[in-house]
Each structure stands twice: as C-alpha cells, then as structure tokens.
$ cat coords-v4.txt   # compact mmCIF, C-alpha atoms
# COMPACT_ATOMS: atom_id res chain seq x y z
CA MET P 278 -2.93 -39.81 -36.68
CA PRO P 279 -2.90 -39.94 -32.85
CA HIS P 280 -3.89 -36.81 -30.99
CA GLU P 281 -1.08 -35.38 -28.90
CA PRO P 282 -2.11 -33.95 -25.55
CA ASP P 283 -1.96 -30.20 -25.17
CA PRO P 284 1.15 -29.07 -23.35
CA GLN P 285 0.47 -28.04 -19.78
CA PRO P 286 0.54 -24.27 -19.30
CA ASP P 287 3.06 -22.83 -16.89
CA PRO P 288 1.60 -22.83 -13.39
CA GLN P 289 0.29 -19.42 -12.40
CA PRO P 290 1.02 -18.00 -8.95
CA GLU P 291 -1.77 -18.52 -6.44
CA LEU P 292 -3.37 -15.65 -4.57
CA ARG P 293 -2.28 -15.94 -0.95
CA ALA P 294 -1.34 -13.81 2.01
CA PRO P 295 2.21 -12.42 1.62
CA SER P 296 4.75 -13.07 4.38
CA GLN P 297 6.62 -9.73 4.75
CA ARG P 298 5.47 -6.81 6.91
CA VAL P 299 6.22 -3.17 6.20
CA SER P 300 8.33 -1.15 8.64
CA PRO P 301 6.88 -0.58 12.12
CA ARG P 302 7.62 3.13 11.55
CA ALA P 303 4.86 3.06 8.93
CA ARG P 304 2.31 3.10 11.80
CA THR P 305 3.67 6.39 13.08
CA MET P 306 3.95 7.82 9.56
CA TRP P 307 0.35 6.85 8.75
CA THR P 308 -0.78 8.33 12.09
CA VAL P 309 0.88 11.66 11.26
CA GLU P 310 -0.55 11.62 7.72
CA THR P 311 -4.03 10.79 9.04
CA LEU P 312 -3.86 13.54 11.68
CA LEU P 313 -2.73 16.11 9.12
CA GLU P 314 -5.46 15.09 6.65
CA GLY P 315 -8.08 14.97 9.41
CA LEU P 316 -7.14 18.34 10.88
CA VAL P 317 -7.17 20.02 7.46
CA SER P 318 -10.54 18.43 6.65
CA ALA P 319 -12.01 19.38 10.03
CA ALA P 320 -10.76 22.96 9.68
CA LEU P 321 -12.35 23.21 6.23
CA VAL P 322 -15.66 21.90 7.57
CA VAL P 323 -15.63 24.42 10.42
CA VAL P 324 -14.76 27.30 8.07
CA VAL P 325 -17.43 26.36 5.52
CA VAL P 326 -20.11 25.91 8.18
CA ALA P 327 -19.14 29.22 9.81
CA LEU P 328 -19.19 31.06 6.46
CA VAL P 329 -22.54 29.63 5.41
CA ASP P 330 -24.07 30.59 8.76
CA ALA P 331 -26.51 27.71 8.37
CA VAL P 332 -25.41 26.03 11.58
CA ASP P 333 -24.29 27.59 14.82
CA VAL P 334 -20.81 26.19 15.45
CA THR P 335 -20.50 25.51 19.16
CA TRP P 336 -17.41 24.50 21.11
CA TRP P 337 -18.72 20.97 21.66
CA GLY P 338 -19.25 20.49 17.91
CA VAL P 339 -15.62 21.38 17.25
CA ALA P 340 -14.52 19.17 20.17
CA LEU P 341 -16.58 16.25 18.85
CA LEU P 342 -15.08 16.67 15.37
CA GLY P 343 -11.57 16.78 16.90
CA ALA P 344 -12.26 13.65 18.95
CA ALA P 345 -13.47 11.81 15.84
CA VAL P 346 -10.29 12.79 13.95
CA ALA P 347 -8.10 11.68 16.89
CA ALA P 348 -9.90 8.33 17.21
CA TYR P 349 -9.59 7.73 13.47
CA ALA P 350 -5.88 8.60 13.60
CA LEU P 351 -5.29 6.19 16.49
CA VAL P 352 -7.19 3.21 15.08
CA VAL P 353 -6.77 3.23 11.28
CA PRO P 354 -2.94 3.35 10.99
CA ARG P 355 -2.55 0.44 13.43
CA TRP P 356 -5.21 -1.57 11.65
CA ARG P 357 -3.62 -0.73 8.30
CA TRP P 358 -0.19 -1.87 9.54
CA ALA P 359 -1.64 -5.15 10.80
CA VAL P 360 -3.01 -5.86 7.30
CA HIS P 361 -0.26 -4.55 4.98
CA ARG P 362 1.98 -7.30 3.68
CA TRP P 363 4.20 -7.95 0.67
CA GLU P 364 6.39 -10.70 -0.72
CA VAL P 365 8.51 -11.48 -3.77
CA THR P 366 8.89 -15.10 -4.87
CA ASP P 367 10.66 -16.69 -7.82
CA THR P 368 7.54 -16.15 -9.93
CA ALA P 369 5.52 -13.20 -8.61
CA VAL P 370 5.04 -10.13 -6.42
CA TYR P 371 2.32 -10.42 -3.78
CA THR P 372 0.68 -7.52 -1.96
CA GLN P 373 -2.07 -7.22 0.64
CA VAL P 374 -3.38 -3.79 1.61
CA GLY P 375 -6.40 -2.13 3.15
CA TRP P 376 -7.94 -1.23 6.42
CA TRP P 377 -11.65 -1.29 5.69
CA SER P 378 -11.64 -3.70 2.77
CA LEU P 379 -8.84 -6.16 2.13
CA GLU P 380 -7.16 -6.24 -1.28
CA GLN P 381 -4.79 -9.08 -2.17
CA ARG P 382 -2.97 -8.95 -5.51
CA VAL P 383 -0.40 -11.00 -7.33
CA ALA P 384 1.66 -9.90 -10.33
CA PRO P 385 3.72 -12.46 -12.22
CA LEU P 386 7.30 -11.25 -12.69
CA SER P 387 6.93 -11.71 -16.46
CA ARG P 388 4.15 -9.06 -16.45
CA ILE P 389 6.14 -6.31 -14.75
CA GLN P 390 6.60 -3.22 -16.94
CA THR P 391 8.18 -0.73 -14.53
CA VAL P 392 9.37 -0.60 -10.92
CA ASP P 393 9.45 2.80 -9.22
CA HIS P 394 10.92 4.08 -5.94
CA VAL P 395 8.98 7.04 -4.48
CA VAL P 396 9.76 9.05 -1.34
CA GLY P 397 7.12 11.62 -0.36
CA PRO P 398 7.72 14.42 2.14
CA VAL P 399 6.26 12.58 5.15
CA GLU P 400 7.99 9.33 4.11
CA ARG P 401 11.30 11.23 3.90
CA ALA P 402 10.86 12.43 7.49
CA PHE P 403 10.44 8.82 8.66
CA GLY P 404 13.15 7.26 6.46
CA LEU P 405 10.55 5.29 4.50
CA ALA P 406 9.63 4.84 0.82
CA THR P 407 7.07 3.30 -1.51
CA VAL P 408 7.81 0.80 -4.27
CA THR P 409 5.34 0.82 -7.17
CA VAL P 410 5.18 -2.16 -9.53
CA THR P 411 3.39 -1.37 -12.79
CA THR P 412 1.93 -4.11 -14.94
CA ALA P 413 -0.53 -4.13 -17.83
CA SER P 414 -3.32 -4.93 -15.36
CA ALA P 415 -6.52 -2.89 -15.53
CA ALA P 416 -6.49 -2.92 -11.71
CA GLY P 417 -3.48 -0.62 -11.73
CA ALA P 418 -0.08 -0.76 -10.11
CA LEU P 419 0.86 -2.69 -6.98
CA ARG P 420 2.22 -0.48 -4.20
CA VAL P 421 4.27 -1.44 -1.19
CA SER P 422 4.18 1.58 1.13
CA GLY P 423 6.05 1.98 4.37
CA LEU P 424 9.29 0.20 3.50
CA GLU P 425 12.61 1.20 5.03
CA ARG P 426 14.26 3.37 2.36
CA ASP P 427 17.29 1.08 1.88
CA ARG P 428 15.03 -1.99 1.68
CA ALA P 429 12.89 -0.22 -0.92
CA ARG P 430 15.96 0.53 -3.07
CA ARG P 431 17.12 -3.09 -2.87
CA LEU P 432 13.60 -4.28 -3.73
CA VAL P 433 13.53 -2.08 -6.86
CA ASP P 434 16.87 -3.52 -7.99
CA GLU P 435 15.78 -7.09 -7.21
CA LEU P 436 12.44 -6.78 -9.02
CA THR P 437 14.07 -5.16 -12.05
CA LEU P 438 16.57 -7.99 -12.38
CA ARG P 439 13.99 -10.73 -11.74
CA ALA P 440 11.50 -9.25 -14.20
CA GLU P 441 14.20 -9.07 -16.87
CA ALA P 442 15.25 -12.67 -16.18
CA ALA P 443 11.63 -13.88 -16.23
CA GLY P 444 11.24 -12.74 -19.82
CA GLY P 445 7.73 -12.48 -21.18
CA ASP P 446 6.20 -9.59 -23.00
CA ALA P 447 4.87 -7.76 -19.90
CA THR P 448 1.32 -7.71 -21.26
$ encode --input "coords-v4.txt" --output "structure tokens"
Amino acid sequence: MPHEPDPQPDPQPELRAPSQRVSPRARTMWTVETLLEGLVSAALVVVVVALVDAVDVTWWGVALLGAAVAAYALVVPRWRWAVHRWEVTDTAVYTQVGWWSLEQRVAPLSRIQTVDHVVGPVERAFGLATVTVTTASAAGALRVSGLERDRARRLVDELTLRAEAAGGDAT
C-alpha cells in the first residue's frame, strides 16, 4: 500500500510590521494622559516625602521632578505614536505597540473570540477609541488604541464579519 503524503497545513500568517497608523490625535491624547499620570504621581511623591519628614523637600527638587514629568510627556507619546501600527488582512489581525520594548502580534481571524469597542474619558474628549480583539492566546488580547471613533466602529464590524466567515473554533 503506497504511503500518501500528508496534506499541507493551511499557511499561517507571518509576523510582520503592520501598515496602518493610529490617528495623529493619539499623540496629543497620550501626552495629556501622560501629563495627568505624571502630575498625580509627582504630587503623591511630594506628599509622602513631606509627611514622612525623612527628606527636606526643596523647591529645586519639586522643579526637577516636574521637569522629568514634562520631558517624559513630550518624548514618550511621540515615540509611542511612531511605533504603534495595526492591520487587518484576509487571514489575520496584526498589531505593533510599545515605546520602550516593541511587541508585534498576529491573531488569525479564525482564532478571534470577541471584538470590543471601548471609549475611555480621555479618548472621548479626543474623538478616539480602542478596539480590543480577544483570542484564546495566553498573551492576552490585542489592542488597537488611538483610532478615530468611526474607524474603530467600522473595524469592529469588519472583524466580527471576517472572524465569522473564517470559521474555526476560536481556540
């Protein structure tokens, strides 16, 4: 009895840099978020240090802390925007995120379990939204933050239809 060759498995999507950028308004939104987080954190540090009385809080210490927060808020959101990418193909969803370390992920459409549209308070102010694609991956959901709100809604609809058409058991 001749041995029949094993059927070739379906080609899996390759990990690659996605082609789509998030909205340019995401830079401003991330700057505002970073400033708010930095100012709250700096205020907590100053209050704790002042309450403990272990260190004499001088004006230059507060100024240095404020300068560090401002520098962080100017650099990180722009760097983050330069890196953040996403793309949907006929077979998969690709994301690339990060500012310190780069994370590239690919989720085959047949593995998608849910697609969510989220608008936080700062996103709402900038007309932006986040699309979250949940799969059975141990690495967690894929997130595309900083999308124009209408584009995010269309992306949710598109991914839902494509995932349904792709079939699979989403595991």
$ atom_distance --input "coords-v4.txt" --atom1 "atom CA of P:Ala303" --atom2 "atom CA of P:Val323"
29.6 Å
$ residues_around --input "coords-v4.txt" --residues "stretch 378-388 of chain P" --least-positions-apart "5" --cutoff "6 Å" --atoms "all atoms listed in the file" --output "PDB file with C-alpha atoms, in the coordinates of the input"
ATOM      1  CA  THR P 368       7.540 -16.150  -9.930  1.00  0.00           C
ATOM      2  CA  ALA P 369       5.520 -13.200  -8.610  1.00  0.00           C
ATOM      3  CA  VAL P 370       5.040 -10.130  -6.420  1.00  0.00           C
ATOM      4  CA  TYR P 371       2.320 -10.420  -3.780  1.00  0.00           C
ATOM      5  CA  THR P 372       0.680  -7.520  -1.960  1.00  0.00           C
ATOM      6  CA  GLN P 373      -2.070  -7.220   0.640  1.00  0.00           C
ATOM      7  CA  THR P 412       1.930  -4.110 -14.940  1.00  0.00           C
ATOM      8  CA  ALA P 440      11.500  -9.250 -14.200  1.00  0.00           C
ATOM      9  CA  ALA P 443      11.630 -13.880 -16.230  1.00  0.00           C
ATOM     10  CA  GLY P 444      11.240 -12.740 -19.820  1.00  0.00           C
ATOM     11  CA  GLY P 445       7.730 -12.480 -21.180  1.00  0.00           C
ATOM     12  CA  ALA P 447       4.870  -7.760 -19.900  1.00  0.00           C
ATOM     13  CA  THR P 448       1.320  -7.710 -21.260  1.00  0.00           C
TER      14      THR P 448
END
$ atom_distance --input "coords-v4.txt" --atom1 "atom CA of P:Trp376" --atom2 "atom CA of P:Ala345"
17.0 Å
$ residues_around --input "coords-v4.txt" --residues "stretch 318-321 of chain P" --least-positions-apart "2" --cutoff "10 Å" --atoms "all atoms listed in the file" --output "PyMOL selection string"
chain P and resi 312-316+323-327+339+342-343+345-346
$ closest_residue --input "coords-v4.txt" --among "P:Val365, P:Ala347, P:Leu419, P:Val299" --to "P:Ala406" --atoms "all atoms listed in the file"
P:Val299
$ atom_distance --input "coords-v4.txt" --atom1 "atom CA of P:Val309" --atom2 "atom CA of P:Ser422"
14.7 Å
$ closest_residue --input "coords-v4.txt" --among "P:Val392, P:His361, P:Gly417, P:Met306" --to "P:Val433" --atoms "all atoms listed in the file"
P:Val392
$ closest_residue --input "coords-v4.txt" --among "P:Thr308, P:Glu441, P:Arg357, P:Glu364" --to "P:Leu292" --atoms "only C-alpha atoms"
P:Glu364
$ closest_residue --input "coords-v4.txt" --among "P:Ala416, P:Asp367, P:Gly375, P:Gly397" --to "P:Glu435" --atoms "only C-alpha atoms"
P:Asp367
$ closest_residue --input "coords-v4.txt" --among "P:Val317, P:Leu436, P:Trp356, P:Ala413" --to "P:Val374" --atoms "only C-alpha atoms"
P:Trp356
$ closest_residue --input "coords-v4.txt" --among "P:Leu341, P:Ser300, P:Leu328, P:Thr391" --to "P:Glu425" --atoms "all atoms listed in the file"
P:Ser300
$ decode --input "coords-v4.txt" --residues "stretch 387-407 of chain P" --atoms "N, CA, C and O atoms" --output "CSV table (one decimal), in the first residue's frame"
chain,number,residue,atom,x,y,z
P,387,SER,N,-9.5,33.2,12.4
P,387,SER,CA,-10.2,32.0,12.9
P,387,SER,C,-10.1,31.8,14.4
P,387,SER,O,-10.8,31.1,15.0
P,388,ARG,N,-9.2,32.6,15.0
P,388,ARG,CA,-9.0,32.4,16.5
P,388,ARG,C,-9.7,33.5,17.3
P,388,ARG,O,-9.6,33.5,18.5
P,389,ILE,N,-10.3,34.5,16.6
P,389,ILE,CA,-10.9,35.6,17.3
P,389,ILE,C,-12.2,35.1,18.1
P,389,ILE,O,-13.0,34.4,17.5
P,390,GLN,N,-12.3,35.5,19.3
P,390,GLN,CA,-13.4,35.1,20.2
P,390,GLN,C,-14.4,36.3,20.3
P,390,GLN,O,-15.6,36.2,20.2
P,391,THR,N,-13.8,37.5,20.6
P,391,THR,CA,-14.6,38.7,20.8
P,391,THR,C,-13.9,39.9,20.2
P,391,THR,O,-12.7,39.9,20.1
P,392,VAL,N,-14.7,40.9,19.8
P,392,VAL,CA,-14.1,42.2,19.4
P,392,VAL,C,-14.9,43.2,20.1
P,392,VAL,O,-16.1,43.3,20.1
P,393,ASP,N,-14.2,44.1,20.8
P,393,ASP,CA,-14.8,45.1,21.7
P,393,ASP,C,-14.4,46.5,21.2
P,393,ASP,O,-13.3,46.7,20.8
P,394,HIS,N,-15.3,47.4,21.4
P,394,HIS,CA,-15.1,48.9,21.2
P,394,HIS,C,-15.2,49.6,22.5
P,394,HIS,O,-16.2,49.5,23.2
P,395,VAL,N,-14.1,50.3,22.9
P,395,VAL,CA,-14.0,50.9,24.2
P,395,VAL,C,-13.6,52.4,24.0
P,395,VAL,O,-12.7,52.7,23.2
P,396,VAL,N,-14.4,53.3,24.7
P,396,VAL,CA,-14.1,54.7,24.7
P,396,VAL,C,-13.9,55.2,26.1
P,396,VAL,O,-14.9,55.3,26.8
P,397,GLY,N,-12.7,55.4,26.5
P,397,GLY,CA,-12.5,56.0,27.9
P,397,GLY,C,-12.7,57.5,27.9
P,397,GLY,O,-13.0,58.1,26.9
P,398,PRO,N,-12.7,58.1,29.1
P,398,PRO,CA,-13.0,59.5,29.2
P,398,PRO,C,-12.0,60.4,28.4
P,398,PRO,O,-12.5,61.4,27.8
P,399,VAL,N,-10.7,60.1,28.4
P,399,VAL,CA,-9.8,61.0,27.7
P,399,VAL,C,-10.0,60.7,26.2
P,399,VAL,O,-9.9,61.6,25.4
P,400,GLU,N,-10.2,59.4,25.8
P,400,GLU,CA,-10.4,59.1,24.4
P,400,GLU,C,-11.7,59.9,23.9
P,400,GLU,O,-11.7,60.4,22.8
P,401,ARG,N,-12.7,59.9,24.7
P,401,ARG,CA,-14.0,60.6,24.3
P,401,ARG,C,-13.7,62.0,24.0
P,401,ARG,O,-14.2,62.6,23.0
P,402,ALA,N,-12.8,62.7,24.8
P,402,ALA,CA,-12.5,64.1,24.6
P,402,ALA,C,-11.8,64.3,23.3
P,402,ALA,O,-11.9,65.4,22.7
P,403,PHE,N,-11.1,63.3,22.8
P,403,PHE,CA,-10.3,63.5,21.6
P,403,PHE,C,-11.0,62.8,20.4
P,403,PHE,O,-10.4,62.8,19.3
P,404,GLY,N,-12.2,62.2,20.6
P,404,GLY,CA,-12.9,61.6,19.5
P,404,GLY,C,-12.2,60.3,19.0
P,404,GLY,O,-12.3,59.9,17.9
P,405,LEU,N,-11.6,59.6,20.0
P,405,LEU,CA,-10.8,58.4,19.7
P,405,LEU,C,-11.4,57.2,20.4
P,405,LEU,O,-12.3,57.4,21.3
P,406,ALA,N,-11.0,56.0,20.1
P,406,ALA,CA,-11.5,54.8,20.7
P,406,ALA,C,-10.4,53.7,20.6
P,406,ALA,O,-9.4,53.8,19.9
P,407,THR,N,-10.6,52.6,21.4
P,407,THR,CA,-9.7,51.4,21.4
P,407,THR,C,-10.6,50.2,20.9
P,407,THR,O,-11.7,50.0,21.3
